[in-house]
>>> print(open('start_27.cif').read())   # mmCIF, C-alpha atoms
data_run
#
loop_
_atom_site.label_atom_id
_atom_site.label_comp_id
_atom_site.auth_asym_id
_atom_site.auth_seq_id
_atom_site.Cartn_x
_atom_site.Cartn_y
_atom_site.Cartn_z
CA MET P 1 267.66 -25.43 136.99
CA GLY P 2 267.01 -26.47 133.44
CA SER P 3 264.20 -26.54 130.97
CA PRO P 4 260.81 -27.25 132.53
CA ASN P 5 259.96 -29.56 129.67
CA GLU P 6 263.01 -31.75 130.19
CA TYR P 7 261.67 -32.38 133.68
CA ALA P 8 258.14 -32.82 132.35
CA ARG P 9 259.22 -35.53 129.94
CA LEU P 10 261.29 -37.28 132.56
CA TYR P 11 258.43 -37.33 135.09
CA TYR P 12 255.97 -38.45 132.44
CA GLN P 13 258.28 -41.33 131.56
CA GLN P 14 258.72 -42.19 135.24
CA GLY P 15 254.95 -42.47 135.55
CA ALA P 16 253.69 -39.21 137.10
CA ASP P 17 249.87 -39.31 137.20
CA GLU P 18 249.56 -35.63 136.38
CA LEU P 19 251.84 -32.64 135.86
CA ILE P 20 251.34 -29.27 137.50
CA TYR P 21 252.97 -26.23 135.97
CA MET P 22 253.17 -23.21 138.24
CA ASP P 23 254.68 -19.91 137.27
CA CYS P 24 255.18 -18.72 140.83
CA VAL P 25 256.10 -15.14 140.08
CA ALA P 26 253.63 -14.53 137.27
CA SER P 27 251.28 -12.39 139.35
CA LEU P 28 254.16 -10.39 140.74
CA TYR P 29 255.49 -9.37 137.35
CA GLY P 30 252.15 -9.47 135.56
CA ARG P 31 253.35 -11.75 132.82
CA ASN P 32 251.80 -14.71 131.15
CA SER P 33 254.64 -16.81 129.86
CA LEU P 34 253.34 -20.30 130.45
CA ARG P 35 251.62 -20.81 127.15
CA ASP P 36 254.68 -21.69 125.10
CA ILE P 37 255.90 -24.10 127.75
CA VAL P 38 252.53 -25.85 127.92
CA GLU P 39 252.22 -26.03 124.18
CA SER P 40 255.62 -27.64 123.91
CA ALA P 41 254.91 -30.09 126.77
CA ALA P 42 251.64 -31.14 125.14
CA GLN P 43 253.65 -32.46 122.22
CA ASP P 44 254.82 -35.49 124.12
CA VAL P 45 253.26 -35.62 127.56
CA PHE P 46 250.14 -37.78 127.56
CA VAL P 47 248.87 -37.35 131.11
CA PRO P 48 246.70 -34.50 132.41
CA MET P 49 248.37 -31.12 132.89
CA THR P 50 247.29 -28.44 135.36
CA VAL P 51 248.65 -24.98 134.72
CA GLY P 52 248.66 -21.97 137.00
CA GLY P 53 250.29 -18.60 137.47
CA GLY P 54 249.01 -15.27 136.28
CA ILE P 55 245.55 -16.37 135.14
CA ARG P 56 243.38 -13.27 135.48
CA SER P 57 240.49 -13.86 133.12
CA VAL P 58 238.43 -16.44 131.27
CA ASP P 59 240.46 -15.48 128.19
CA ASP P 60 243.72 -16.35 129.97
CA ALA P 61 242.22 -19.72 130.93
CA THR P 62 240.95 -20.29 127.39
CA ALA P 63 244.39 -19.65 125.93
CA LEU P 64 246.05 -22.15 128.28
CA LEU P 65 243.40 -24.82 127.71
CA ARG P 66 243.81 -24.36 123.95
CA SER P 67 247.55 -24.75 124.35
CA GLY P 68 247.07 -28.21 125.83
CA ALA P 69 246.36 -27.67 129.54
CA ASP P 70 243.55 -29.83 130.95
CA LYS P 71 242.95 -27.73 134.05
CA VAL P 72 243.83 -24.23 135.18
CA ALA P 73 244.81 -23.31 138.74
CA VAL P 74 243.80 -19.85 139.89
CA ASN P 75 244.92 -18.16 143.09
CA THR P 76 245.60 -14.41 143.25
CA ALA P 77 242.98 -13.38 140.69
CA ALA P 78 240.33 -15.55 142.36
CA VAL P 79 240.92 -13.78 145.68
CA ALA P 80 240.61 -10.40 143.97
CA ASN P 81 237.60 -11.47 141.91
CA PRO P 82 235.89 -14.65 143.19
CA GLU P 83 233.46 -14.63 140.25
CA LEU P 84 236.36 -15.70 138.07
CA ILE P 85 235.93 -19.14 139.65
CA SER P 86 232.31 -19.46 138.54
CA ASP P 87 233.04 -17.89 135.15
CA ILE P 88 235.71 -20.49 134.40
CA ALA P 89 233.66 -23.36 135.86
CA GLN P 90 230.58 -22.43 133.84
CA ARG P 91 232.52 -22.09 130.64
CA PHE P 92 234.69 -25.20 130.87
CA GLY P 93 233.22 -27.29 133.69
CA SER P 94 234.29 -27.57 137.32
CA GLN P 95 236.74 -30.34 136.44
CA CYS P 96 238.85 -27.64 134.69
CA MET P 97 238.80 -25.15 137.55
CA VAL P 98 241.40 -25.78 140.25
CA LEU P 99 241.42 -23.35 143.14
CA SER P 100 244.99 -22.90 144.29
CA ILE P 101 245.27 -21.82 147.93
CA GLU P 102 248.38 -20.73 149.80
CA ALA P 103 247.73 -21.22 153.49
CA LYS P 104 249.74 -19.87 156.43
CA GLN P 105 249.04 -20.84 159.99
CA ILE P 106 248.11 -17.89 162.20
CA GLU P 107 247.05 -19.69 165.38
CA ALA P 108 246.17 -23.23 166.48
CA ALA P 109 243.89 -24.77 163.83
CA ARG P 110 243.55 -21.48 161.92
CA TRP P 111 245.12 -20.63 158.61
CA GLU P 112 245.07 -17.47 156.53
CA VAL P 113 244.94 -17.28 152.73
CA TYR P 114 248.05 -15.75 151.12
CA THR P 115 248.68 -14.79 147.52
CA ASP P 116 251.66 -14.03 145.33
CA ASN P 117 253.64 -17.07 146.40
CA GLY P 118 253.18 -16.48 150.11
CA ARG P 119 254.07 -12.78 149.99
CA GLU P 120 250.71 -11.08 150.41
CA ARG P 121 248.21 -11.71 153.19
CA THR P 122 244.51 -11.44 152.43
CA GLY P 123 242.77 -11.63 155.80
CA LEU P 124 240.68 -14.54 154.48
CA ASP P 125 240.25 -17.68 156.57
CA VAL P 126 241.32 -20.75 154.61
CA ILE P 127 238.32 -22.90 155.57
CA GLU P 128 235.83 -20.15 154.71
CA TRP P 129 237.60 -19.50 151.41
CA VAL P 130 237.60 -23.21 150.52
CA ARG P 131 233.89 -23.44 151.24
CA ARG P 132 233.16 -20.36 149.13
CA GLY P 133 235.41 -21.50 146.29
CA VAL P 134 233.69 -24.88 146.03
CA ALA P 135 230.26 -23.23 146.15
CA LEU P 136 231.38 -21.02 143.24
CA GLY P 137 232.36 -24.08 141.22
CA ALA P 138 235.98 -25.00 141.98
CA GLY P 139 236.34 -28.67 141.11
CA GLU P 140 239.59 -29.29 142.90
CA ILE P 141 241.72 -27.63 145.60
CA LEU P 142 245.49 -27.34 145.30
CA LEU P 143 246.44 -26.63 148.89
CA THR P 144 249.94 -25.34 149.57
CA SER P 145 251.30 -24.72 153.04
CA VAL P 146 253.35 -21.53 152.97
CA ASP P 147 254.94 -22.59 156.28
CA ARG P 148 256.16 -25.91 154.92
CA GLU P 149 256.97 -25.03 151.30
CA GLY P 150 260.66 -25.60 150.73
CA THR P 151 261.36 -26.89 154.25
CA ARG P 152 261.30 -30.64 153.49
CA ARG P 153 259.73 -31.14 156.95
CA GLY P 154 256.65 -32.88 155.64
CA PHE P 155 253.17 -31.62 154.77
CA ASP P 156 250.99 -29.61 157.15
CA VAL P 157 248.77 -32.61 157.88
CA ALA P 158 246.43 -30.67 160.21
CA LEU P 159 245.77 -28.08 157.50
CA VAL P 160 245.04 -30.76 154.91
CA ARG P 161 242.76 -32.62 157.30
CA ALA P 162 240.86 -29.43 158.13
CA VAL P 163 240.22 -28.82 154.42
CA THR P 164 239.39 -32.41 153.39
CA ALA P 165 236.90 -32.56 156.26
CA GLU P 166 235.19 -29.48 154.85
CA VAL P 167 234.69 -30.22 151.15
CA SER P 168 233.86 -33.15 148.90
CA VAL P 169 236.01 -32.10 145.93
CA PRO P 170 239.50 -33.61 145.58
CA VAL P 171 242.23 -31.91 147.61
CA ILE P 172 245.86 -32.01 146.46
CA ALA P 173 248.34 -31.54 149.29
CA SER P 174 251.39 -29.46 148.44
CA GLY P 175 254.42 -28.02 150.18
CA GLY P 176 257.00 -29.70 152.35
CA MET P 177 257.54 -33.18 151.00
CA GLY P 178 260.93 -34.32 152.28
CA THR P 179 260.63 -38.08 152.09
CA PRO P 180 258.24 -40.61 150.53
CA GLN P 181 256.88 -41.29 154.03
CA ASP P 182 255.54 -37.71 154.14
CA LEU P 183 253.19 -38.65 151.29
CA VAL P 184 251.92 -41.66 153.20
CA ASP P 185 251.28 -39.49 156.29
CA VAL P 186 249.32 -36.78 154.49
CA VAL P 187 247.15 -39.33 152.69
CA LEU P 188 246.44 -41.52 155.71
CA GLN P 189 246.15 -38.78 158.35
CA GLY P 190 245.24 -35.76 156.22
CA GLU P 191 243.02 -37.74 153.81
CA ALA P 192 244.57 -35.93 150.86
CA ASP P 193 243.19 -37.18 147.54
CA ALA P 194 246.45 -36.51 145.76
CA VAL P 195 249.92 -35.23 146.56
CA ALA P 196 251.97 -32.68 144.63
CA MET P 197 255.74 -32.86 144.81
CA ALA P 198 258.41 -30.71 143.27
CA ASP P 199 261.93 -30.39 144.62
CA ILE P 200 262.07 -33.95 146.00
CA LEU P 201 262.00 -34.90 142.31
CA HIS P 202 263.88 -31.91 140.88
CA TYR P 203 266.86 -32.54 143.18
CA ARG P 204 266.52 -36.30 142.75
CA ARG P 205 266.13 -37.11 146.42
CA ALA P 206 263.69 -39.76 145.23
CA ALA P 207 262.31 -41.00 141.91
CA ILE P 208 258.60 -41.42 141.25
CA GLY P 209 258.96 -45.20 141.14
CA ASP P 210 260.53 -45.29 144.63
CA ILE P 211 257.78 -43.05 146.04
CA ARG P 212 255.12 -45.21 144.41
CA ALA P 213 256.68 -48.32 145.97
CA VAL P 214 256.64 -46.77 149.46
CA ALA P 215 253.01 -45.72 149.00
CA GLN P 216 252.03 -49.17 147.80
CA ALA P 217 253.81 -50.86 150.70
CA ALA P 218 251.83 -48.62 153.07
CA GLY P 219 248.61 -49.91 151.50
CA LEU P 220 247.75 -46.76 149.55
CA HIS P 221 245.82 -47.09 146.32
CA VAL P 222 248.22 -45.97 143.59
CA ARG P 223 248.15 -46.50 139.86
CA THR P 224 249.95 -49.65 138.78
CA TYR P 225 252.47 -48.62 136.21
CA GLY P 226 255.09 -50.28 133.97
CA MET Z 1 247.40 -34.49 99.00
CA ALA Z 2 247.24 -37.99 100.41
CA SER Z 3 244.27 -38.78 102.65
CA ALA Z 4 244.97 -38.73 106.34
CA GLU Z 5 245.10 -42.03 108.11
CA VAL Z 6 242.87 -40.68 110.86
CA ALA Z 7 240.19 -38.01 110.68
CA VAL Z 8 239.49 -36.41 114.06
CA ILE Z 9 236.04 -34.89 113.74
CA ASP Z 10 236.03 -31.20 114.59
CA TYR Z 11 232.55 -30.02 115.51
CA GLY Z 12 233.56 -27.14 117.73
CA VAL Z 13 233.48 -29.03 121.03
CA GLY Z 14 236.60 -29.23 123.14
CA ASN Z 15 240.31 -29.08 122.58
CA LEU Z 16 241.50 -31.51 119.95
CA LEU Z 17 245.21 -30.78 120.28
CA SER Z 18 245.93 -33.61 122.70
CA VAL Z 19 244.00 -36.21 120.69
CA ARG Z 20 245.81 -35.19 117.54
CA ARG Z 21 249.22 -35.24 119.21
CA ALA Z 22 248.65 -38.65 120.80
CA LEU Z 23 247.64 -40.16 117.43
CA GLU Z 24 250.65 -38.56 115.75
CA HIS Z 25 252.89 -39.88 118.51
CA CYS Z 26 251.56 -43.34 117.60
CA GLY Z 27 252.67 -42.77 114.03
CA ALA Z 28 249.44 -41.68 112.34
CA THR Z 29 248.91 -38.83 109.93
CA VAL Z 30 245.97 -36.88 111.31
CA ALA Z 31 243.44 -34.46 109.86
CA VAL Z 32 241.31 -32.48 112.31
CA THR Z 33 238.31 -31.78 110.14
CA GLY Z 34 234.59 -31.25 109.81
CA GLU Z 35 234.59 -31.87 106.03
CA PRO Z 36 232.59 -34.97 104.98
CA GLU Z 37 234.97 -35.75 102.08
CA ALA Z 38 238.01 -35.72 104.35
CA ILE Z 39 236.18 -37.85 106.93
CA PHE Z 40 235.14 -40.48 104.37
CA ALA Z 41 238.60 -40.45 102.79
CA ALA Z 42 240.35 -41.29 106.08
CA ALA Z 43 241.14 -44.89 106.93
CA ARG Z 44 239.87 -44.36 110.48
CA VAL Z 45 237.72 -41.82 112.28
CA VAL Z 46 237.83 -40.46 115.83
CA LEU Z 47 234.83 -38.73 117.38
CA PRO Z 48 236.09 -36.75 120.40
CA GLY Z 49 234.01 -34.71 122.80
CA VAL Z 50 233.72 -33.09 126.19
CA GLY Z 51 230.83 -31.45 127.96
CA ALA Z 52 227.12 -32.11 127.93
CA PHE Z 53 225.44 -34.73 125.71
CA ALA Z 54 222.66 -32.47 124.39
CA ASN Z 55 225.15 -29.76 123.47
CA GLY Z 56 227.44 -32.25 121.73
CA MET Z 57 224.60 -33.71 119.66
CA ALA Z 58 223.28 -30.23 118.83
CA GLU Z 59 226.70 -29.09 117.58
CA LEU Z 60 227.17 -32.28 115.54
CA GLU Z 61 223.72 -31.77 114.00
CA ARG Z 62 224.30 -28.05 113.39
CA GLN Z 63 227.42 -28.85 111.38
CA GLY Z 64 225.55 -31.50 109.41
CA LEU Z 65 227.75 -34.26 110.78
CA THR Z 66 225.19 -36.56 112.44
CA SER Z 67 224.40 -38.43 109.23
CA ILE Z 68 228.08 -38.36 108.23
CA VAL Z 69 229.14 -40.18 111.41
CA ARG Z 70 226.35 -42.72 110.93
CA GLU Z 71 227.55 -43.32 107.41
CA VAL Z 72 231.15 -43.78 108.62
CA ALA Z 73 229.82 -46.62 110.78
CA THR Z 74 227.81 -48.12 107.92
CA ARG Z 75 230.74 -47.95 105.51
CA GLY Z 76 232.81 -49.99 107.93
CA GLN Z 77 235.49 -47.38 108.68
CA PRO Z 78 236.86 -48.03 112.17
CA LEU Z 79 235.24 -45.36 114.35
CA LEU Z 80 236.45 -44.51 117.87
CA GLY Z 81 234.36 -42.31 120.14
CA ILE Z 82 236.18 -40.76 123.10
CA CYS Z 83 234.45 -39.68 126.35
CA LEU Z 84 231.34 -37.73 125.24
CA GLY Z 85 232.10 -39.03 121.73
CA MET Z 86 231.61 -42.56 123.07
CA GLN Z 87 228.38 -41.64 124.86
CA MET Z 88 226.95 -40.12 121.68
CA LEU Z 89 227.31 -43.51 119.94
CA PHE Z 90 224.38 -44.79 122.02
CA ASP Z 91 220.62 -44.44 121.47
CA ASP Z 92 219.92 -41.69 123.97
CA SER Z 93 220.90 -39.92 127.18
CA THR Z 94 219.00 -38.76 130.24
CA GLU Z 95 221.29 -35.72 130.74
CA PHE Z 96 219.02 -32.64 130.92
CA GLY Z 97 215.95 -34.61 129.80
CA ALA Z 98 216.01 -37.29 127.09
CA THR Z 99 218.20 -36.52 124.08
CA ALA Z 100 218.64 -38.85 121.10
CA GLY Z 101 222.13 -40.02 120.27
CA LEU Z 102 223.64 -41.55 117.12
CA GLY Z 103 222.09 -44.97 117.76
CA LEU Z 104 225.17 -46.90 116.63
CA ILE Z 105 225.36 -49.05 119.77
CA ALA Z 106 222.16 -50.07 121.53
CA GLY Z 107 221.80 -48.62 125.00
CA THR Z 108 221.36 -45.47 127.00
CA VAL Z 109 223.49 -42.93 128.87
CA VAL Z 110 222.68 -42.25 132.52
CA ALA Z 111 224.19 -40.29 135.41
CA VAL Z 112 226.98 -41.94 137.40
CA PRO Z 113 225.23 -42.77 140.69
CA SER Z 114 226.37 -40.46 143.45
CA VAL Z 115 225.69 -43.12 146.08
CA ALA Z 116 227.29 -46.58 145.91
CA ALA Z 117 225.36 -49.78 146.70
CA ASP Z 118 226.80 -49.79 150.22
CA GLY Z 119 225.41 -46.28 150.79
CA ARG Z 120 228.73 -44.48 150.55
CA VAL Z 121 228.67 -41.09 148.85
CA GLN Z 122 230.77 -40.89 145.69
CA LYS Z 123 232.36 -37.81 144.22
CA ILE Z 124 230.85 -36.67 140.92
CA PRO Z 125 232.35 -36.18 138.35
CA HIS Z 126 234.37 -39.37 138.37
CA ILE Z 127 237.82 -37.85 137.85
CA GLY Z 128 241.15 -39.57 137.89
CA TRP Z 129 242.96 -42.80 137.20
CA ASN Z 130 241.01 -46.01 137.42
CA ALA Z 131 241.88 -49.60 136.55
CA LEU Z 132 240.43 -51.26 133.45
CA VAL Z 133 238.91 -54.63 134.31
CA LEU Z 134 237.21 -57.42 132.41
CA PRO Z 135 233.40 -57.23 132.60
CA CYS Z 136 231.87 -60.35 134.14
CA THR Z 137 230.68 -61.41 130.67
CA ARG Z 138 234.17 -61.53 129.18
CA GLU Z 139 237.24 -63.70 129.78
CA ALA Z 140 239.94 -61.92 127.79
CA TRP Z 141 240.69 -58.94 125.55
CA ASN Z 142 242.12 -60.95 122.65
CA GLU Z 143 241.00 -59.63 119.28
CA THR Z 144 239.74 -56.38 120.81
CA VAL Z 145 241.19 -52.87 120.89
CA LEU Z 146 242.49 -53.76 124.37
CA GLN Z 147 244.40 -56.84 123.35
CA ASP Z 148 247.76 -55.30 124.35
CA VAL Z 149 246.43 -53.94 127.66
CA ARG Z 150 246.52 -55.96 130.87
CA PRO Z 151 243.54 -56.09 133.21
CA GLY Z 152 244.40 -53.71 136.06
CA ASP Z 153 246.19 -51.16 133.86
CA ALA Z 154 244.83 -47.71 134.67
CA ALA Z 155 243.32 -45.06 132.42
CA TYR Z 156 242.31 -41.43 133.05
CA PHE Z 157 238.59 -40.63 133.37
CA VAL Z 158 236.66 -37.34 133.62
CA HIS Z 159 232.89 -37.76 133.36
CA SER Z 160 229.56 -37.49 135.16
CA PHE Z 161 227.49 -39.74 132.88
CA MET Z 162 228.02 -43.31 131.79
CA ALA Z 163 226.85 -45.58 128.99
CA ARG Z 164 224.70 -48.66 129.61
CA PRO Z 165 224.95 -50.95 126.60
CA SER Z 166 221.79 -53.06 126.17
CA ASP Z 167 223.80 -56.02 124.94
CA PRO Z 168 226.47 -57.14 127.43
CA ARG Z 169 228.59 -58.41 124.54
CA HIS Z 170 229.23 -54.78 123.55
CA ARG Z 171 230.98 -54.18 126.87
CA ILE Z 172 234.71 -54.71 126.36
CA ALA Z 173 236.06 -53.25 129.60
CA ASP Z 174 234.69 -51.79 132.80
CA CYS Z 175 236.14 -49.76 135.60
CA LEU Z 176 234.80 -49.88 139.13
CA TYR Z 177 233.81 -46.60 140.74
CA GLY Z 178 233.27 -47.56 144.33
CA ASP Z 179 231.33 -50.76 143.71
CA ILE Z 180 229.61 -49.46 140.56
CA PRO Z 181 230.77 -50.99 137.26
CA ILE Z 182 231.14 -48.31 134.58
CA ALA Z 183 231.46 -49.21 130.89
CA ALA Z 184 235.01 -48.06 130.07
CA VAL Z 185 235.38 -49.49 126.57
CA VAL Z 186 232.52 -50.55 124.31
CA GLY Z 187 232.46 -51.96 120.82
CA ARG Z 188 230.21 -53.32 118.11
CA ASP Z 189 231.89 -54.40 114.86
CA ASN Z 190 233.83 -51.35 113.57
CA VAL Z 191 232.32 -48.96 116.13
CA LEU Z 192 234.36 -48.46 119.32
CA GLY Z 193 234.14 -46.17 122.31
CA CYS Z 194 236.41 -45.25 125.25
CA GLN Z 195 234.90 -43.52 128.24
CA PHE Z 196 238.41 -42.61 129.43
CA HIS Z 197 240.79 -40.29 127.59
CA PRO Z 198 243.38 -42.43 125.79
CA GLU Z 199 245.29 -39.23 124.95
CA LYS Z 200 245.69 -38.56 128.69
CA SER Z 201 246.17 -42.11 129.92
CA GLY Z 202 249.94 -42.41 129.49
CA GLU Z 203 251.34 -45.55 127.91
CA THR Z 204 248.09 -47.48 128.46
CA GLY Z 205 246.15 -44.96 126.41
CA LEU Z 206 248.79 -44.90 123.67
CA THR Z 207 248.66 -48.71 123.57
CA VAL Z 208 244.91 -48.54 122.91
CA LEU Z 209 245.40 -45.93 120.17
CA ARG Z 210 248.18 -47.97 118.52
CA ARG Z 211 245.86 -50.98 118.39
CA PHE Z 212 243.05 -48.83 116.95
CA LEU Z 213 245.47 -47.74 114.20
CA GLN Z 214 245.97 -51.39 113.24
CA MET Z 215 242.29 -52.25 113.04
#
>>> encode(input="start_27.cif", output="structure tokens")
Amino acid sequence: MGSPNEYARLYYQQGADELIYMDCVASLYGRNSLRDIVESAAQDVFVPMTVGGGIRSVDDATALLRSGADKVAVNTAAVANPELISDIAQRFGSQCMVLSIEAKQIEAARWEVYTDNGRERTGLDVIEWVRRGVALGAGEILLTSVDREGTRRGFDVALVRAVTAEVSVPVIASGGMGTPQDLVDVVLQGEADAVAMADILHYRRAAIGDIRAVAQAAGLHVRTYG
Amino acid sequence: MASAEVAVIDYGVGNLLSVRRALEHCGATVAVTGEPEAIFAAARVVLPGVGAFANGMAELERQGLTSIVREVATRGQPLLGICLGMQMLFDDSTEFGATAGLGLIAGTVVAVPSVAADGRVQKIPHIGWNALVLPCTREAWNETVLQDVRPGDAAYFVHSFMARPSDPRHRIADCLYGDIPIAAVVGRDNVLGCQFHPEKSGETGLTVLRRFLQM
């Protein structure tokens, strides 16, 4: 698709509030390639950066934070070893520790935690896992719907609502954004604190400024920019 | 070697890469240093910091930098404290019992209230973008580090404690967290502090840093 940092610079210039870097296949191949990308992005991106993919230890987190990341997002390794959440939170503060959760609906109002980019099931209930993660020190939840990811059919609003009702830490809704209106829906109905978007921007179906304008028109509180 | 325009004080707390890069992006030559000579030789000094107040002061003291930072202020070098670095400019903090600060701006550091005046629960830490506004005691930002910033422009905050300057004239900008006014920018003569992270606040933050580089 192109260099991640070309996109990073473009989105920074368009006024993205934060950037999230996810190496989706890192756990699968056991690699840790994000550091160089983050280090290069930190040269000229001056908004917070969250980085995830393949973080297995406090040392992995330390290396990314030293490279310029402000927060780390942990998923697979946290499921395997929940203490990693408290280890990272105690060392760097909860504000650095983002718990990334891939959720797949298994029945009405029930979702199961998946790992490895929606490939592996864990048997964990999403709501129970969220509760446990926050108790261990996760300062933020990055909540991705495996069912909606890549579909452009909008966010799983019921999932987001179930999680925001459960915890007091910020919840970022992810997966399924097809139109700017989807953002408005997941904030107003799901009470998402923030919204992550990827391919709507990568494929230029909308620019950040247009999305911001739709959000503002709907009465959402967004950063005034430019 | 020519002296750096800005010395970013390295006392072992936090990641200084972003602060350095943001200053360089604004055209400054930067030295990240804990050496008193290099700090005094710089035209301007930045005191960064993340984490707990007591830990920050202990590290500063352990590296023999407490008196150095005080002397920077006395000598009249423009000094900018960022986040915890701003909080440490004050007299003391109530975080984990009373801890003395640098005493460069009169006032104390207290916890951000977790309940707003209207009884609504607020999330702590205060994380995210928030608008910079004029405190009720001030009519404009002319002649301050914010002179090129417009009221309402947003900056990026991450903190659980907040400074309470004793003298309202030292409050340059606030942000409102729920209905609670938080001191976002403070200043007394050559001593300045930003509660937000200018290095993570996009163009608004860079605008503040550019102004600091002209002071």
>>> resolve_selection(input="start_27.cif", expression="the PyMOL selection byres ((chain P) within 8 of (chain Z))", output="NGL selection string")
:P and (12 or 15 or 17 or 42-48 or 65-68 or 92-93 or 95 or 168-169 or 223-225)
>>> resolve_selection(input="start_27.cif", expression="the PyMOL selection byres ((chain P and resi 164) around 10)", output="ChimeraX atom specification")
/P:127,130,141,158-163,165-173,190-193
>>> atom_distance(input="start_27.cif", atom1="CA of Ser94 in chain P", atom2="CA of Gly175 in chain P")
23.9 Å
>>> atom_distance(input="start_27.cif", atom1="CA of Arg211 in chain Z", atom2="CA of His170 in chain Z")
17.8 Å
>>> resolve_selection(input="start_27.cif", expression="the PyMOL selection byres ((chain Z and resi 29-41) around 8)", output="list in words")
Ser3, Ala4, Glu5, Val6, Ala7, Val8, Ile9, Asp10, Tyr11, Leu16, Arg20, Leu23, Glu24, Gly27, Ala28, Ala42, Ala43, Val45, Gln63, Leu65, Ile68 and Val72 of chain Z
>>> decode(input="start_27.cif", residues="range 140-171 of chain Z", atoms="C-alpha atoms", output="PDB file, in the first residue's frame")
ATOM      1  CA  ALA Z 140      -5.541  38.265  26.263  1.00  0.00           C
ATOM      2  CA  TRP Z 141      -2.339  36.310  25.643  1.00  0.00           C
ATOM      3  CA  ASN Z 142      -0.374  39.199  24.139  1.00  0.00           C
ATOM      4  CA  GLU Z 143       3.225  39.275  25.323  1.00  0.00           C
ATOM      5  CA  THR Z 144       2.998  35.737  26.705  1.00  0.00           C
ATOM      6  CA  VAL Z 145       4.251  32.397  25.404  1.00  0.00           C
ATOM      7  CA  LEU Z 146       0.716  31.879  24.054  1.00  0.00           C
ATOM      8  CA  GLN Z 147       0.548  35.048  22.023  1.00  0.00           C
ATOM      9  CA  ASP Z 148       0.257  33.131  18.728  1.00  0.00           C
ATOM     10  CA  VAL Z 149      -2.331  30.677  20.101  1.00  0.00           C
ATOM     11  CA  ARG Z 150      -6.060  31.357  19.922  1.00  0.00           C
ATOM     12  CA  PRO Z 151      -8.338  30.705  22.888  1.00  0.00           C
ATOM     13  CA  GLY Z 152     -10.076  27.406  22.114  1.00  0.00           C
ATOM     14  CA  ASP Z 153      -7.060  25.797  20.432  1.00  0.00           C
ATOM     15  CA  ALA Z 154      -6.551  22.346  21.928  1.00  0.00           C
ATOM     16  CA  ALA Z 155      -3.499  20.781  23.555  1.00  0.00           C
ATOM     17  CA  TYR Z 156      -2.745  17.222  24.705  1.00  0.00           C
ATOM     18  CA  PHE Z 157      -2.811  16.493  28.449  1.00  0.00           C
ATOM     19  CA  VAL Z 158      -1.856  13.421  30.507  1.00  0.00           C
ATOM     20  CA  HIS Z 159      -1.833  14.037  34.258  1.00  0.00           C
ATOM     21  CA  SER Z 160      -3.463  13.240  37.596  1.00  0.00           C
ATOM     22  CA  PHE Z 161      -2.220  16.247  39.577  1.00  0.00           C
ATOM     23  CA  MET Z 162      -2.537  19.949  38.910  1.00  0.00           C
ATOM     24  CA  ALA Z 163      -0.805  23.139  40.000  1.00  0.00           C
ATOM     25  CA  ARG Z 164      -2.558  25.839  42.020  1.00  0.00           C
ATOM     26  CA  PRO Z 165      -0.613  29.082  41.685  1.00  0.00           C
ATOM     27  CA  SER Z 166      -1.063  31.309  44.765  1.00  0.00           C
ATOM     28  CA  ASP Z 167      -0.986  34.437  42.636  1.00  0.00           C
ATOM     29  CA  PRO Z 168      -3.667  34.454  39.922  1.00  0.00           C
ATOM     30  CA  ARG Z 169      -1.417  36.635  37.761  1.00  0.00           C
ATOM     31  CA  HIS Z 170       0.861  33.607  37.267  1.00  0.00           C
ATOM     32  CA  ARG Z 171      -1.965  31.752  35.528  1.00  0.00           C
TER      33      ARG Z 171
END
